[in-house]
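Peer 1: Mind having a look at this structure? Questions to follow.
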Amino acid sequence: MNSLERVVAAIRFEKPDRLPVIAQVFGHAASVSGVDLDAYVQDGELVARCQMNALQKYRYDAVFAVMDVNVETEALGSQLRYRKGQYPVIERYAFSKETDLGSRPVPDPSQAGRMPEMLKSLRLLRRELGDECLIVGCVLGPLTLASQLLGAEGALYMAIDEPERLESLIDFSAEVITRFGLAQIDAGAHLPIVFDPFASPAVVPHQFFREFELPRLKRTFETFRAAGAAASWLHIAGPTQSILPFYEEAGVDIANFDYQVTPEEAKGNLPRTCLDGNIKSLTFVEGTPEEIRGQASLLVQSFAMRGGFILSSGCEIPPESRQENVTAMVEASAR
Amino acid sequence: MGESNMDSLIKALLEGDAKVAASQAGALVSSGVSIERIVTEGVESAMGTLDAKCTLEQFNLLEIMLVGRAVTEVMKQLFPTGADPSGIKGTVVIATLEGDVHDLGKNILKMVLTGNGFRVVDCGKDCPLDRLLDTVEREKPVAVAISGLIATVVPEVRQVKERLADRGLGHIGVVAGGAVLKQSSSERLNVDYVAESAFDGARYICGILKGTKA
């Protein structure tokens, strides 16, 4: 089995030749290659090269054409500050409470901001890897993009003060990510992961997720599937217990779960969905290979009978993670 | 009159109704209730109820933000520009350290601490360590609270306690919290406490205060 087949087997609850393992290596790929993170996130060729180097080093089952969470908001006019060796940050949000959404066109991924660079990295990775390894693009969830356009607090207060306006903004955000995700599939992504940290119950109540996010996620995943996405992968970190029951309706095939959710809670809420998780992200930075092996071993045991599991971290493996810790997780999948 | 207005203030705060809460606080002041009583029996009582409601399973940031906004309005009413509420419980210096620009968690802590009667000096996000230390030296707070969402700040957090000690301020409590820092431990971060939530952090800081006063 190659990596893509292994992951697909896990999604279908079939028996893979070994447990698939996906390290959520985004900016960490730059540090593996000795490249500055700020250069990495602005250059599609560098992303592809560093992802290939990291894949060769670690031998896991997926590569990520992920730059950072600000690609969409930058394409819509937010001003970013690029800092040496770090992910960029938003200096000025593109939108304010007064922004007329009708006046804002959905950005063209072949031209806007760094979107073309991200598409370039996908084309290069697909050319290099074909269907040997899962190639993952990335879009933000609609609610998360809304928060990246207005600022987190601005979006939350708008939810209370002007809920219809926030809904319009989330609809607009959904259009942006749909167009971007389709361009990623076209460029070679097997799927765009939907990264939606702002939809976590750590930020908004589960009712809010159900009413605002669920219908839009469902439509987004349907559109991606119709365009040829291999699967629908939703990534929401934090204590997601209360929203996991909605994932099936959203059409989620792979559900990321963070360290705050136990494997039993994840399995109980999503008995028919492939799960990926949930080693603590910070353990890769400050922990030891023994600690990683310990957390991985518990996960492997927990899913041994059920299947439908991809060994992974609960969230991103931070750029400054110790390489021996990533290796320890990958090795644990082969035991 | 005082009691029923106090109940109305608590109710308005818990409903996140900033306008009604501010007007109830104004009515209490007019009827001769002391500001300290309004804070301790009104605002802090509302924060206590919210704290009890916000268990790990039933955490609702939106609700906390709404209550926080109402608390801010009440505090503006009680302490108009220029007045200093530090006499109530003392000062806490808060920051998100250099490299981290995610300040939602820090802002929530600010609301919770304000609602518990603390004066909060906010060093903002992406704050250089030296600026935080200078602020602590100037303000002599009850505690320093650091919020962190990304792993980049961990090395800076580890230095805070030691760098404070270099300035003779090693006795000041250092509390860490936020999505990434709470995955660690007080030993690994070299801080006095790692808070699971803003309320947990506020409780710890209230505990320091009681210890100081005892």
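Lettering and numbering for the structure tokens are positional, with chains as A, B, ... in the shown order, residues counted from 1 in each chain, and ligands counted from 1 in the shown order.
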Within 8 Å of chain B, which residues of chain A come that close, and what is the closest atom pair and distance in Å for each? Count only C-alpha atoms and give it as JSON lines.
Peer 2:
{"residue": "A:Gln86", "atom": "CA", "partner": "B:Gly99", "partner_atom": "CA", "distance": 7.6}
{"residue": "A:Val89", "atom": "CA", "partner": "B:Val101", "partner_atom": "CA", "distance": 6.9}
{"residue": "A:Ala152", "atom": "CA", "partner": "B:Leu104", "partner_atom": "CA", "distance": 7.0}
{"residue": "A:Glu153", "atom": "CA", "partner": "B:Leu104", "partner_atom": "CA", "distance": 7.1}
{"residue": "A:Leu156", "atom": "CA", "partner": "B:Leu62", "partner_atom": "CA", "distance": 6.6}
{"residue": "A:Tyr157", "atom": "CA", "partner": "B:Leu66", "partner_atom": "CA", "distance": 7.8}
{"residue": "A:Pro201", "atom": "CA", "partner": "B:Phe59", "partner_atom": "CA", "distance": 7.3}
{"residue": "A:Ala202", "atom": "CA", "partner": "B:Phe59", "partner_atom": "CA", "distance": 6.7}
{"residue": "A:Val203", "atom": "CA", "partner": "B:Leu61", "partner_atom": "CA", "distance": 5.3}
{"residue": "A:Val204", "atom": "CA", "partner": "B:Leu61", "partner_atom": "CA", "distance": 6.1}
{"residue": "A:Pro205", "atom": "CA", "partner": "B:Asn60", "partner_atom": "CA", "distance": 5.6}
{"residue": "A:Lys280", "atom": "CA", "partner": "B:Gln183", "partner_atom": "CA", "distance": 7.2}
{"residue": "A:Leu282", "atom": "CA", "partner": "B:Gln183", "partner_atom": "CA", "distance": 6.4}
{"residue": "A:Val285", "atom": "CA", "partner": "B:Ala151", "partner_atom": "CA", "distance": 7.7}
{"residue": "A:Pro318", "atom": "CA", "partner": "B:Ala151", "partner_atom": "CA", "distance": 6.5}
{"residue": "A:Glu320", "atom": "CA", "partner": "B:Thr152", "partner_atom": "CA", "distance": 7.4}
Peer 1: The selected residues should be written to file as a tab-separated table (two decimals), in the first residue's frame (atoms: N, CA and C atoms).
Peer 2:
chain	number	residue	atom	x	y	z
A	86	GLN	N	9.18	33.69	11.74
A	86	GLN	CA	7.88	33.44	12.37
A	86	GLN	C	6.76	33.50	11.34
A	89	VAL	N	1.64	38.04	10.93
A	89	VAL	CA	0.48	38.41	11.75
A	89	VAL	C	-0.29	39.54	11.05
A	152	ALA	N	-11.18	38.85	16.03
A	152	ALA	CA	-11.96	37.87	16.78
A	152	ALA	C	-13.07	38.54	17.60
A	153	GLU	N	-12.71	39.57	18.32
A	153	GLU	CA	-13.72	40.19	19.17
A	153	GLU	C	-14.79	40.90	18.35
A	156	LEU	N	-17.23	38.32	17.20
A	156	LEU	CA	-18.08	37.79	18.27
A	156	LEU	C	-19.15	38.81	18.69
A	157	TYR	N	-18.74	40.07	18.82
A	157	TYR	CA	-19.74	41.07	19.20
A	157	TYR	C	-20.76	41.26	18.08
A	201	PRO	N	-15.75	24.99	20.34
A	201	PRO	CA	-16.53	25.39	21.52
A	201	PRO	C	-15.69	26.16	22.54
A	202	ALA	N	-14.37	26.17	22.39
A	202	ALA	CA	-13.55	27.04	23.24
A	202	ALA	C	-13.85	28.50	22.93
A	203	VAL	N	-14.42	28.75	21.76
A	203	VAL	CA	-14.71	30.13	21.35
A	203	VAL	C	-16.22	30.39	21.26
A	204	VAL	N	-16.94	29.55	20.53
A	204	VAL	CA	-18.39	29.79	20.38
A	204	VAL	C	-19.18	28.58	20.89
A	205	PRO	N	-20.38	28.82	21.39
A	205	PRO	CA	-21.18	27.70	21.89
A	205	PRO	C	-21.59	26.73	20.77
A	280	LYS	N	-0.65	15.77	22.23
A	280	LYS	CA	-0.52	17.19	22.59
A	280	LYS	C	0.56	17.88	21.75
A	282	LEU	N	2.23	20.64	22.19
A	282	LEU	CA	3.39	21.20	22.89
A	282	LEU	C	4.39	20.10	23.30
A	285	VAL	N	7.43	20.00	21.32
A	285	VAL	CA	8.43	21.05	21.58
A	285	VAL	C	9.18	20.76	22.88
A	318	PRO	N	4.27	22.30	16.22
A	318	PRO	CA	4.85	23.65	16.12
A	318	PRO	C	6.18	23.66	15.35
A	320	GLU	N	8.99	24.87	15.92
A	320	GLU	CA	10.22	24.65	16.69
A	320	GLU	C	10.27	23.30	17.37
Peer 1: Which residues are close to B:Ala22, i.e. within 7 Å by only C-alpha atoms, leaving aside same-chain residues fewer than 6 positions away? Reply as a ChimeraX atom specification.
Peer 2: /B:73-74,77
Peer 1: Keeping only N, CA and C atoms, write those residues as a compact mmCIF listing (two decimals), in the first residue's frame.
Peer 2:
# COMPACT_ATOMS: atom_id res chain seq x y z
N GLU B 73 -18.62 48.60 31.21
CA GLU B 73 -19.50 49.79 31.25
C GLU B 73 -19.78 50.21 32.70
N VAL B 74 -20.03 49.20 33.55
CA VAL B 74 -20.31 49.51 34.97
C VAL B 74 -19.08 50.15 35.61
N GLN B 77 -18.79 53.65 34.76
CA GLN B 77 -19.77 54.42 35.51
C GLN B 77 -19.26 54.68 36.94
Peer 1: State, in Å with one decimal place, the distance from atom CA of A:Asp258 to atom CA of A:Leu122.
Peer 2: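 So the answer is 26.4 Å.
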Peer 1: Provide the atom CA of A:Pro16 to atom CA of A:Leu298 distance in Å, to one decimal place.
Peer 2: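 A separation of 19.1 Å between them.
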Peer 1: Counting only C-alpha atoms, what is within 7 Å of A:Ser3, bar same-chain residues fewer than 2 positions away, as a PyMOL selection string?
Peer 2: chain A and resi 1+5-7+61+132-134
Peer 1: Dump C-alpha atoms for the selected residues as an mmCIF file, in the first residue's frame?
Peer 2:
data_model
loop_
_atom_site.group_PDB
_atom_site.id
_atom_site.type_symbol
_atom_site.label_atom_id
_atom_site.label_comp_id
_atom_site.auth_asym_id
_atom_site.auth_seq_id
_atom_site.Cartn_x
_atom_site.Cartn_y
_atom_site.Cartn_z
ATOM 1 C CA MET A 1 0.000 0.000 0.000
ATOM 2 C CA GLU A 5 -4.107 4.038 -0.267
ATOM 3 C CA ARG A 6 -3.328 3.616 3.426
ATOM 4 C CA VAL A 7 -5.203 6.794 4.361
ATOM 5 C CA ASP A 61 1.571 9.621 4.948
ATOM 6 C CA GLU A 132 1.706 8.010 -3.845
ATOM 7 C CA CYS A 133 1.075 10.276 -0.869
ATOM 8 C CA LEU A 134 -1.898 12.328 0.321
#
Peer 1: Quick one: everything within 10 Å of A:Arg216, counting only C-alpha atoms, minus sequence neighbours fewer than 2 positions away in the same chain. Send it as a list in words.
Peer 2: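 The neighbour list is Gly141, Pro142, Leu143, Ile170, Asp171, Ser173, Ala174, Glu175, Arg210, Glu211, Phe212, Glu213, Leu214, Lys218, Arg219, Thr220, Phe221, Glu222 and Ala250 of chain A.
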Peer 1: Atoms to include: C-alpha atoms. Write the selected residues as a PDB file, in the first residue's frame.
Peer 2:
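Output file part-v7.pdb follows:
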ATOM      1  CA  GLY A 141     -13.667  27.505   7.846  1.00  0.00           C
ATOM      2  CA  PRO A 142     -16.180  30.276   7.072  1.00  0.00           C
ATOM      3  CA  LEU A 143     -16.465  31.415  10.671  1.00  0.00           C
ATOM      4  CA  ILE A 170     -19.903  34.127   6.896  1.00  0.00           C
ATOM      5  CA  ASP A 171     -21.688  33.527   3.596  1.00  0.00           C
ATOM      6  CA  SER A 173     -16.337  33.886   3.609  1.00  0.00           C
ATOM      7  CA  ALA A 174     -17.805  30.564   2.471  1.00  0.00           C
ATOM      8  CA  GLU A 175     -17.738  31.803  -1.136  1.00  0.00           C
ATOM      9  CA  ARG A 210     -24.983  24.207  14.602  1.00  0.00           C
ATOM     10  CA  GLU A 211     -26.814  27.302  13.356  1.00  0.00           C
ATOM     11  CA  PHE A 212     -24.057  29.279  11.637  1.00  0.00           C
ATOM     12  CA  GLU A 213     -21.284  26.905  10.634  1.00  0.00           C
ATOM     13  CA  LEU A 214     -22.783  23.472  10.042  1.00  0.00           C
ATOM     14  CA  LYS A 218     -21.874  20.925   4.624  1.00  0.00           C
ATOM     15  CA  ARG A 219     -22.222  22.859   1.369  1.00  0.00           C
ATOM     16  CA  THR A 220     -18.476  23.477   1.178  1.00  0.00           C
ATOM     17  CA  PHE A 221     -17.630  19.795   1.599  1.00  0.00           C
ATOM     18  CA  GLU A 222     -20.287  18.795  -0.953  1.00  0.00           C
ATOM     19  CA  ALA A 250     -21.602  18.052   7.736  1.00  0.00           C
TER      20      ALA A 250
END
